[in-house]
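Engineer: Before I ask anything, here is the structure I am working with.
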Amino acid sequence: MSKTLLIGLCILAVLAVVLTAAAFYMFGLGIRRSSKEFLQSSPDLAGHMEEIAVDPSPASADNWLARQTLEQVSIQSADGLRLNGWYLEAERPSDVTALLAHGYSGQGRDMASFAQIHHELGYNVLMPDNRGHGQSEGEYIGFGWTDRLDYVNWVRYILQRSGENARILLHGVSMGGATVLMASGERLPEQVKGIIADCSYTSVKDILSYQLKRMFKLPAFPLIPLTSLICKLKAGYFFGEASALRQVKRTEKPILFIHGEADTFVPFFMVHGLYKAAPAGKDLFMVPRAGHGLAFMTDKDGYRSRVTDFAKQCLEEKQKVLQARSEA
(Lines give C-alpha, C1' and ligand atoms only; values in the text may rest on other atoms or scores of the structure.)
Protein backbone atom coordinates (compact mmCIF):
# COMPACT_ATOMS: atom_id res chain seq x y z
CA MET A 1 0.00 0.00 0.00
CA SER A 2 1.43 3.36 -0.99
CA LYS A 3 2.03 6.08 1.56
CA THR A 4 -0.36 8.41 -0.25
CA LEU A 5 -3.16 5.84 -0.20
CA LEU A 6 -2.58 5.16 3.49
CA ILE A 7 -2.77 8.86 4.32
CA GLY A 8 -5.95 9.14 2.28
CA LEU A 9 -7.56 6.23 4.11
CA CYS A 10 -6.57 7.71 7.47
CA ILE A 11 -8.15 11.02 6.53
CA LEU A 12 -11.34 9.27 5.44
CA ALA A 13 -11.43 7.28 8.68
CA VAL A 14 -11.00 10.42 10.78
CA LEU A 15 -13.65 12.20 8.75
CA ALA A 16 -16.06 9.29 9.21
CA VAL A 17 -15.50 9.33 12.97
CA VAL A 18 -16.01 13.10 13.15
CA LEU A 19 -19.20 12.98 11.07
CA THR A 20 -20.60 10.08 13.08
CA ALA A 21 -19.87 11.89 16.33
CA ALA A 22 -21.52 15.04 14.94
CA ALA A 23 -24.59 13.05 13.89
CA PHE A 24 -24.94 11.49 17.36
CA TYR A 25 -24.58 14.97 18.84
CA MET A 26 -27.33 16.33 16.57
CA PHE A 27 -29.56 13.37 17.42
CA GLY A 28 -29.08 13.96 21.13
CA LEU A 29 -29.66 17.67 20.72
CA GLY A 30 -32.83 17.46 18.69
CA ILE A 31 -34.45 14.05 19.17
CA ARG A 32 -33.49 12.76 22.60
CA ARG A 33 -35.67 13.98 25.46
CA SER A 34 -33.88 16.88 27.17
CA SER A 35 -34.19 20.58 27.86
CA LYS A 36 -33.92 22.44 24.57
CA GLU A 37 -31.96 25.48 25.69
CA PHE A 38 -30.40 25.82 22.23
CA LEU A 39 -33.73 27.22 20.99
CA GLN A 40 -33.01 30.42 22.89
CA SER A 41 -30.18 31.17 20.49
CA SER A 42 -32.34 30.79 17.37
CA PRO A 43 -32.47 34.03 15.35
CA ASP A 44 -35.94 33.03 14.20
CA LEU A 45 -37.37 32.96 17.72
CA ALA A 46 -36.15 36.42 18.75
CA GLY A 47 -38.96 37.89 20.81
CA HIS A 48 -40.91 34.64 20.66
CA MET A 49 -40.14 33.57 24.21
CA GLU A 50 -41.21 36.96 25.55
CA GLU A 51 -44.45 36.83 23.58
CA ILE A 52 -45.46 33.41 24.88
CA ALA A 53 -44.24 33.94 28.45
CA VAL A 54 -46.89 33.43 31.11
CA ASP A 55 -49.15 36.46 31.24
CA PRO A 56 -49.77 37.36 34.92
CA SER A 57 -53.00 39.26 34.20
CA PRO A 58 -56.22 37.74 35.58
CA ALA A 59 -57.68 37.65 32.07
CA SER A 60 -54.83 35.59 30.59
CA ALA A 61 -55.43 32.13 29.16
CA ASP A 62 -52.96 30.60 31.61
CA ASN A 63 -54.88 31.99 34.56
CA TRP A 64 -58.14 30.95 32.94
CA LEU A 65 -56.83 27.39 32.65
CA ALA A 66 -55.62 27.43 36.26
CA ARG A 67 -59.19 28.15 37.37
CA GLN A 68 -60.61 25.18 35.46
CA THR A 69 -61.15 21.70 36.82
CA LEU A 70 -58.85 19.47 34.80
CA GLU A 71 -58.96 15.70 34.88
CA GLN A 72 -55.67 13.91 34.36
CA VAL A 73 -56.15 10.98 32.00
CA SER A 74 -53.84 8.50 30.31
CA ILE A 75 -53.63 5.92 27.55
CA GLN A 76 -51.01 3.41 26.47
CA SER A 77 -49.29 3.79 23.12
CA ALA A 78 -48.89 0.90 20.69
CA ASP A 79 -45.26 0.55 21.81
CA GLY A 80 -46.12 0.48 25.50
CA LEU A 81 -45.61 4.07 26.66
CA ARG A 82 -47.93 5.69 29.19
CA LEU A 83 -49.17 8.91 27.65
CA ASN A 84 -50.60 11.66 29.82
CA GLY A 85 -53.40 14.06 28.97
CA TRP A 86 -55.54 16.78 30.54
CA TYR A 87 -59.30 16.66 29.99
CA LEU A 88 -61.61 19.65 30.47
CA GLU A 89 -65.34 19.05 30.26
CA ALA A 90 -67.60 21.58 28.59
CA GLU A 91 -69.72 23.72 30.89
CA ARG A 92 -72.79 21.99 29.49
CA PRO A 93 -72.90 18.40 28.21
CA SER A 94 -71.47 18.29 24.68
CA ASP A 95 -70.64 15.61 22.15
CA VAL A 96 -67.89 17.79 20.63
CA THR A 97 -64.29 17.47 21.79
CA ALA A 98 -61.28 19.49 20.62
CA LEU A 99 -58.13 17.37 20.69
CA LEU A 100 -55.13 19.73 20.93
CA ALA A 101 -51.49 19.09 20.01
CA HIS A 102 -48.67 21.20 21.48
CA GLY A 103 -45.33 22.18 20.01
CA TYR A 104 -41.73 21.01 20.29
CA SER A 105 -40.40 20.95 23.88
CA GLY A 106 -43.84 21.95 25.22
CA GLN A 107 -46.67 20.17 27.01
CA GLY A 108 -50.43 19.91 26.78
CA ARG A 109 -51.21 22.72 29.20
CA ASP A 110 -49.26 25.11 26.98
CA MET A 111 -52.31 25.05 24.72
CA ALA A 112 -54.33 27.18 27.16
CA SER A 113 -55.22 29.91 24.64
CA PHE A 114 -56.55 27.38 22.16
CA ALA A 115 -58.31 25.39 24.88
CA GLN A 116 -60.10 28.56 25.90
CA ILE A 117 -61.29 29.20 22.34
CA HIS A 118 -62.82 25.74 22.05
CA HIS A 119 -64.19 25.67 25.59
CA GLU A 120 -65.95 28.99 25.04
CA LEU A 121 -67.53 27.45 21.94
CA GLY A 122 -69.04 24.84 24.26
CA TYR A 123 -66.68 21.96 23.51
CA ASN A 124 -64.86 19.47 25.71
CA VAL A 125 -61.08 19.82 25.42
CA LEU A 126 -58.34 17.18 25.60
CA MET A 127 -54.70 18.35 25.86
CA PRO A 128 -52.23 15.44 25.68
CA ASP A 129 -48.53 15.62 26.52
CA ASN A 130 -46.81 14.18 23.45
CA ARG A 131 -44.41 11.29 23.95
CA GLY A 132 -41.10 12.56 25.27
CA HIS A 133 -42.81 15.66 26.68
CA GLY A 134 -44.49 16.73 29.91
CA GLN A 135 -45.68 13.82 32.02
CA SER A 136 -45.82 11.34 29.16
CA GLU A 137 -43.22 8.62 28.87
CA GLY A 138 -40.77 8.33 26.03
CA GLU A 139 -37.06 8.89 25.61
CA TYR A 140 -37.31 10.29 22.09
CA ILE A 141 -39.28 13.06 20.40
CA GLY A 142 -41.43 11.93 17.48
CA PHE A 143 -41.72 15.28 15.65
CA GLY A 144 -45.33 14.34 14.95
CA TRP A 145 -44.59 11.06 13.16
CA THR A 146 -44.71 8.55 15.99
CA ASP A 147 -47.19 10.92 17.67
CA ARG A 148 -49.66 10.60 14.78
CA LEU A 149 -50.55 7.07 15.88
CA ASP A 150 -50.77 8.22 19.49
CA TYR A 151 -53.37 10.78 18.41
CA VAL A 152 -55.34 8.08 16.63
CA ASN A 153 -55.41 6.33 20.01
CA TRP A 154 -56.47 9.57 21.73
CA VAL A 155 -59.35 9.75 19.25
CA ARG A 156 -60.33 6.22 20.29
CA TYR A 157 -60.19 7.33 23.92
CA ILE A 158 -62.63 10.15 23.17
CA LEU A 159 -64.97 7.75 21.41
CA GLN A 160 -64.89 5.39 24.37
CA ARG A 161 -65.61 8.28 26.71
CA SER A 162 -68.20 10.20 24.69
CA GLY A 163 -69.77 7.45 22.59
CA GLU A 164 -70.26 6.87 18.90
CA ASN A 165 -72.10 10.18 18.48
CA ALA A 166 -68.98 12.11 19.41
CA ARG A 167 -67.68 14.78 17.05
CA ILE A 168 -63.98 15.57 17.18
CA LEU A 169 -61.75 18.41 16.00
CA LEU A 170 -57.94 18.20 15.91
CA HIS A 171 -56.02 21.44 16.47
CA GLY A 172 -52.22 21.63 16.63
CA VAL A 173 -49.55 24.33 16.67
CA SER A 174 -45.99 24.04 15.26
CA MET A 175 -44.90 20.43 15.87
CA GLY A 176 -48.50 19.92 16.98
CA GLY A 177 -49.66 21.23 13.61
CA ALA A 178 -47.45 18.66 11.92
CA THR A 179 -48.78 16.01 14.30
CA VAL A 180 -52.41 16.55 13.35
CA LEU A 181 -51.54 16.74 9.64
CA MET A 182 -49.56 13.50 9.87
CA ALA A 183 -52.53 11.95 11.67
CA SER A 184 -54.83 13.20 8.90
CA GLY A 185 -53.42 10.62 6.49
CA GLU A 186 -54.32 7.72 8.75
CA ARG A 187 -57.66 5.92 8.76
CA LEU A 188 -59.45 8.28 11.10
CA PRO A 189 -63.01 7.46 12.13
CA GLU A 190 -65.82 9.50 10.63
CA GLN A 191 -66.34 11.20 14.00
CA VAL A 192 -63.21 13.29 13.28
CA LYS A 193 -64.82 16.21 11.50
CA GLY A 194 -61.97 18.63 10.85
CA ILE A 195 -58.32 19.52 11.41
CA ILE A 196 -56.70 22.86 12.24
CA ALA A 197 -52.94 23.06 11.61
CA ASP A 198 -51.14 26.19 12.79
CA CYS A 199 -47.56 26.81 11.47
CA SER A 200 -46.78 23.21 10.54
CA TYR A 201 -43.67 22.10 8.67
CA THR A 202 -43.85 19.98 5.53
CA SER A 203 -41.64 17.15 6.81
CA VAL A 204 -39.08 16.42 9.50
CA LYS A 205 -36.35 16.22 6.88
CA ASP A 206 -37.33 19.63 5.49
CA ILE A 207 -37.47 21.44 8.83
CA LEU A 208 -34.27 19.91 10.25
CA SER A 209 -32.37 20.65 7.03
CA TYR A 210 -33.65 24.22 7.17
CA GLN A 211 -32.74 24.66 10.83
CA LEU A 212 -29.30 23.08 10.39
CA LYS A 213 -28.51 25.80 7.89
CA ARG A 214 -30.19 28.62 9.84
CA MET A 215 -28.80 27.85 13.29
CA PHE A 216 -25.49 26.09 12.56
CA LYS A 217 -24.65 27.33 9.04
CA LEU A 218 -24.21 23.74 7.87
CA PRO A 219 -25.47 21.99 4.73
CA ALA A 220 -27.99 19.16 5.04
CA PHE A 221 -25.61 16.59 3.55
CA PRO A 222 -24.16 14.50 5.09
CA LEU A 223 -25.37 15.26 8.64
CA ILE A 224 -29.10 14.96 8.00
CA PRO A 225 -28.88 11.49 6.35
CA LEU A 226 -26.52 10.24 9.08
CA THR A 227 -28.67 11.62 11.89
CA SER A 228 -31.75 10.20 10.18
CA LEU A 229 -30.17 6.74 10.20
CA ILE A 230 -29.40 7.05 13.91
CA CYS A 231 -32.99 8.20 14.49
CA LYS A 232 -34.31 5.13 12.67
CA LEU A 233 -32.18 2.84 14.81
CA LYS A 234 -32.95 4.61 18.09
CA ALA A 235 -36.39 6.17 17.70
CA GLY A 236 -37.89 4.08 14.91
CA TYR A 237 -38.28 6.52 12.03
CA PHE A 238 -36.35 8.11 9.17
CA PHE A 239 -36.69 11.88 8.76
CA GLY A 240 -37.83 11.45 5.17
CA GLU A 241 -40.77 9.19 6.00
CA ALA A 242 -42.08 11.68 8.59
CA SER A 243 -43.92 13.80 6.04
CA ALA A 244 -46.96 15.92 6.74
CA LEU A 245 -47.02 16.77 3.03
CA ARG A 246 -47.43 13.15 2.00
CA GLN A 247 -50.05 12.48 4.67
CA VAL A 248 -52.12 15.51 3.72
CA LYS A 249 -52.44 14.18 0.17
CA ARG A 250 -54.16 11.09 1.59
CA THR A 251 -56.64 12.79 3.88
CA GLU A 252 -60.40 12.92 3.50
CA LYS A 253 -60.82 15.48 6.27
CA PRO A 254 -61.27 19.24 5.82
CA ILE A 255 -58.25 21.24 6.98
CA LEU A 256 -57.79 24.83 8.08
CA PHE A 257 -54.17 25.87 7.56
CA ILE A 258 -52.89 28.82 9.62
CA HIS A 259 -49.48 30.46 9.33
CA GLY A 260 -47.85 33.74 10.30
CA GLU A 261 -46.41 35.58 7.33
CA ALA A 262 -43.38 36.67 9.41
CA ASP A 263 -42.57 33.12 10.54
CA THR A 264 -38.96 32.26 9.76
CA PHE A 265 -38.60 29.39 12.27
CA VAL A 266 -41.03 27.18 10.36
CA PRO A 267 -40.81 29.23 7.19
CA PHE A 268 -44.02 30.72 5.84
CA PHE A 269 -43.56 29.21 2.39
CA MET A 270 -44.15 25.71 3.77
CA VAL A 271 -47.85 26.36 4.28
CA HIS A 272 -48.37 26.89 0.56
CA GLY A 273 -47.02 23.44 -0.27
CA LEU A 274 -49.23 21.87 2.38
CA TYR A 275 -52.31 23.78 1.25
CA LYS A 276 -51.73 22.86 -2.39
CA ALA A 277 -51.31 19.18 -1.51
CA ALA A 278 -54.56 18.97 0.43
CA PRO A 279 -57.73 17.79 -1.30
CA ALA A 280 -60.89 19.92 -1.52
CA GLY A 281 -62.44 21.11 1.72
CA LYS A 282 -59.48 23.23 2.79
CA ASP A 283 -59.02 26.80 3.96
CA LEU A 284 -56.02 29.05 4.57
CA PHE A 285 -55.64 31.84 7.13
CA MET A 286 -52.46 33.88 6.75
CA VAL A 287 -51.62 36.38 9.50
CA PRO A 288 -49.45 39.37 8.54
CA ARG A 289 -46.58 40.27 10.90
CA ALA A 290 -47.05 37.09 12.96
CA GLY A 291 -43.91 35.19 13.92
CA HIS A 292 -43.69 31.51 14.74
CA GLY A 293 -46.65 30.26 16.74
CA LEU A 294 -47.90 33.83 17.23
CA ALA A 295 -50.79 33.97 14.80
CA PHE A 296 -53.31 33.99 17.65
CA MET A 297 -51.38 36.53 19.73
CA THR A 298 -51.08 38.78 16.68
CA ASP A 299 -54.72 38.67 15.57
CA LYS A 300 -56.88 37.23 18.34
CA ASP A 301 -60.21 38.32 16.88
CA GLY A 302 -59.36 37.09 13.39
CA TYR A 303 -58.02 33.79 14.71
CA ARG A 304 -61.10 33.13 16.86
CA SER A 305 -63.38 34.01 13.98
CA ARG A 306 -61.71 31.71 11.45
CA VAL A 307 -61.46 28.80 13.89
CA THR A 308 -65.07 29.29 14.97
CA ASP A 309 -66.39 29.42 11.40
CA PHE A 310 -64.33 26.42 10.33
CA ALA A 311 -65.38 24.37 13.35
CA LYS A 312 -69.05 25.11 12.87
CA GLN A 313 -68.90 24.27 9.16
CA CYS A 314 -67.16 20.95 9.89
CA LEU A 315 -69.41 20.00 12.75
CA GLU A 316 -72.56 20.88 10.85
CA GLU A 317 -71.10 19.16 7.77
CA LYS A 318 -71.78 22.24 5.67
CA GLN A 319 -68.55 22.46 3.74
CA LYS A 320 -69.71 24.24 0.57
CA VAL A 321 -67.95 27.44 1.61
CA LEU A 322 -64.67 25.59 2.11
CA GLN A 323 -65.09 23.85 -1.24
CA ALA A 324 -65.64 27.19 -2.97
CA ARG A 325 -62.58 28.72 -1.33
CA SER A 326 -60.35 25.79 -2.25
CA GLU A 327 -61.42 26.02 -5.88
CA ALA A 328 -61.04 29.82 -6.06
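Each chain in the C-alpha coordinates gets a letter, A, B, ..., in the order shown, and its residues are numbered from 1; ligands are numbered from 1 in order too.
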Sorted by chain and rising residue number, list the residues of stretch 235-286 of chain A at most 12 Å from stretch 25-36 of chain A (counting only C-alpha atoms), each with its closest atom pair and distance in Å to one decimal, as a Markdown table.
Structural biologist:
| residue | atom | partner | partner_atom | distance |
| --- | --- | --- | --- | --- |
| A:Ala235 | CA | A:Ile31 | CA | 8.2 |
| A:Gly236 | CA | A:Ile31 | CA | 11.4 |
| A:Tyr237 | CA | A:Ile31 | CA | 11.1 |
| A:Phe238 | CA | A:Ile31 | CA | 11.8 |
| A:Phe239 | CA | A:Ile31 | CA | 10.9 |
Engineer: Can you tell me, as a PyMOL selection string, what residues are no more than 8 Å from stretch 301-306 of chain A when counting only C-alpha atoms, ignoring any on the same chain fewer than 3 positions away?
Structural biologist: chain A and resi 117+285+295-296+309-310
Engineer: What lies within 9 Å of A:Gly185 using only C-alpha atoms, ignoring chain neighbours under 6 positions off, as a list in words?
Structural biologist: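 Result of the neighbour search: Ala244, Arg246, Gln247, Val248, Lys249, Arg250, Thr251, Glu252 and Lys253 of chain A.
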Engineer: For A:Ala23, find every residue with an atom within 6 Å (counting only C-alpha atoms), except residues of its own chain fewer than 6 positions away, and show them as a PyMOL selection string.
Structural biologist: chain A and resi 223+226-227
Engineer: Would you save the residues of that selection, restricted to N, CA and C atoms, as a PDB file, in the first residue's frame?
Structural biologist:
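Saved as part-v1.pdb:
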ATOM      1  N   LEU A 223     -24.914  15.413   7.259  1.00  0.00           N
ATOM      2  CA  LEU A 223     -25.368  15.260   8.642  1.00  0.00           C
ATOM      3  C   LEU A 223     -26.823  14.797   8.748  1.00  0.00           C
ATOM      4  N   LEU A 226     -27.131  11.021   7.993  1.00  0.00           N
ATOM      5  CA  LEU A 226     -26.521  10.240   9.078  1.00  0.00           C
ATOM      6  C   LEU A 226     -27.368  10.288  10.347  1.00  0.00           C
ATOM      7  N   THR A 227     -27.834  11.482  10.692  1.00  0.00           N
ATOM      8  CA  THR A 227     -28.669  11.618  11.892  1.00  0.00           C
ATOM      9  C   THR A 227     -29.992  10.892  11.706  1.00  0.00           C
TER      10      THR A 227
END
Engineer: When DSSP is applied to the backbone of this structure, which of stretch 179-301 of chain A are assigned alpha helix (DSSP H)? Write them out as a ChimeraX atom specification.
Structural biologist: /A:179-184,204-216,223-235,244-250,269-277,295-298,300-301
Engineer: Which is closer to A:Leu218 than all the others in A:Leu5, A:Glu89, A:Ala22, A:Trp64, using only C-alpha atoms?
Structural biologist: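 Among the listed residues, A:Ala22 lies closest to A:Leu218.
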Engineer: As a PDB file with N, CA and C atoms, in the first residue's frame, list the residues of stretch 189-273 of chain A assigned to strand (DSSP E or B) by DSSP on the backbone atoms of this structure.
Structural biologist:
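Now in states.pdb:
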ATOM      1  N   VAL A 192     -64.153  12.175  13.420  1.00  0.00           N
ATOM      2  CA  VAL A 192     -63.207  13.288  13.285  1.00  0.00           C
ATOM      3  C   VAL A 192     -63.708  14.155  12.140  1.00  0.00           C
ATOM      4  N   LYS A 193     -64.128  15.363  12.472  1.00  0.00           N
ATOM      5  CA  LYS A 193     -64.816  16.208  11.503  1.00  0.00           C
ATOM      6  C   LYS A 193     -63.919  17.231  10.830  1.00  0.00           C
ATOM      7  N   GLY A 194     -62.817  17.611  11.461  1.00  0.00           N
ATOM      8  CA  GLY A 194     -61.967  18.625  10.852  1.00  0.00           C
ATOM      9  C   GLY A 194     -60.649  18.764  11.575  1.00  0.00           C
ATOM     10  N   ILE A 195     -59.685  19.387  10.895  1.00  0.00           N
ATOM     11  CA  ILE A 195     -58.325  19.516  11.406  1.00  0.00           C
ATOM     12  C   ILE A 195     -57.848  20.950  11.231  1.00  0.00           C
ATOM     13  N   ILE A 196     -57.258  21.506  12.277  1.00  0.00           N
ATOM     14  CA  ILE A 196     -56.699  22.859  12.244  1.00  0.00           C
ATOM     15  C   ILE A 196     -55.207  22.739  12.489  1.00  0.00           C
ATOM     16  N   ALA A 197     -54.404  23.171  11.519  1.00  0.00           N
ATOM     17  CA  ALA A 197     -52.943  23.057  11.609  1.00  0.00           C
ATOM     18  C   ALA A 197     -52.329  24.445  11.543  1.00  0.00           C
ATOM     19  N   ASP A 198     -51.736  24.863  12.647  1.00  0.00           N
ATOM     20  CA  ASP A 198     -51.142  26.194  12.788  1.00  0.00           C
ATOM     21  C   ASP A 198     -49.621  26.071  12.693  1.00  0.00           C
ATOM     22  N   SER A 203     -42.172  18.453   6.408  1.00  0.00           N
ATOM     23  CA  SER A 203     -41.644  17.147   6.814  1.00  0.00           C
ATOM     24  C   SER A 203     -40.524  17.370   7.817  1.00  0.00           C
ATOM     25  N   SER A 243     -43.504  12.741   6.958  1.00  0.00           N
ATOM     26  CA  SER A 243     -43.917  13.796   6.040  1.00  0.00           C
ATOM     27  C   SER A 243     -45.377  14.177   6.230  1.00  0.00           C
ATOM     28  N   ILE A 255     -59.373  20.691   6.218  1.00  0.00           N
ATOM     29  CA  ILE A 255     -58.247  21.239   6.980  1.00  0.00           C
ATOM     30  C   ILE A 255     -58.240  22.756   6.884  1.00  0.00           C
ATOM     31  N   LEU A 256     -58.073  23.403   8.017  1.00  0.00           N
ATOM     32  CA  LEU A 256     -57.788  24.834   8.077  1.00  0.00           C
ATOM     33  C   LEU A 256     -56.306  25.004   8.354  1.00  0.00           C
ATOM     34  N   PHE A 257     -55.585  25.573   7.394  1.00  0.00           N
ATOM     35  CA  PHE A 257     -54.167  25.870   7.558  1.00  0.00           C
ATOM     36  C   PHE A 257     -54.017  27.306   8.050  1.00  0.00           C
ATOM     37  N   ILE A 258     -53.168  27.489   9.070  1.00  0.00           N
ATOM     38  CA  ILE A 258     -52.892  28.818   9.617  1.00  0.00           C
ATOM     39  C   ILE A 258     -51.385  29.010   9.642  1.00  0.00           C
ATOM     40  N   HIS A 259     -50.922  30.191   9.255  1.00  0.00           N
ATOM     41  CA  HIS A 259     -49.477  30.461   9.329  1.00  0.00           C
ATOM     42  C   HIS A 259     -49.237  31.959   9.394  1.00  0.00           C
ATOM     43  N   GLY A 260     -48.266  32.357  10.235  1.00  0.00           N
ATOM     44  CA  GLY A 260     -47.853  33.745  10.305  1.00  0.00           C
ATOM     45  C   GLY A 260     -46.939  34.092   9.140  1.00  0.00           C
TER      46      GLY A 260
END
Engineer: What gap, in Å, lies between atom CA of A:Pro225 and atom CA of A:Leu19?
Structural biologist: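 Pair atom CA of A:Pro225 / atom CA of A:Leu19 returns 10.9 Å.
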Engineer: Between atom CA of A:Met286 and atom CA of A:Val173, what is the distance in Å, rounded to a tenth?
Structural biologist: 14.1 Å
Engineer: Go through A:Glu120, A:Glu37, A:Asp263, A:Glu241 and flag the residue nearest A:Ser174, using only C-alpha atoms for the distances.
Structural biologist: A:Asp263
Engineer: Could you jot down the atom CA of A:Val180 to atom CA of A:Glu139 separation for me, Å, one decimal place?
Structural biologist: 21.1 Å
Engineer: At a cut-off of 6 Å, using only C-alpha atoms, what residues contact A:Asp129? Leave out same-chain residues fewer than 2 positions from it and give the result as a list in words.
Structural biologist: Asn84, Gly85, Gln107, Gly108, His133, Gly134 and Ser136 of chain A
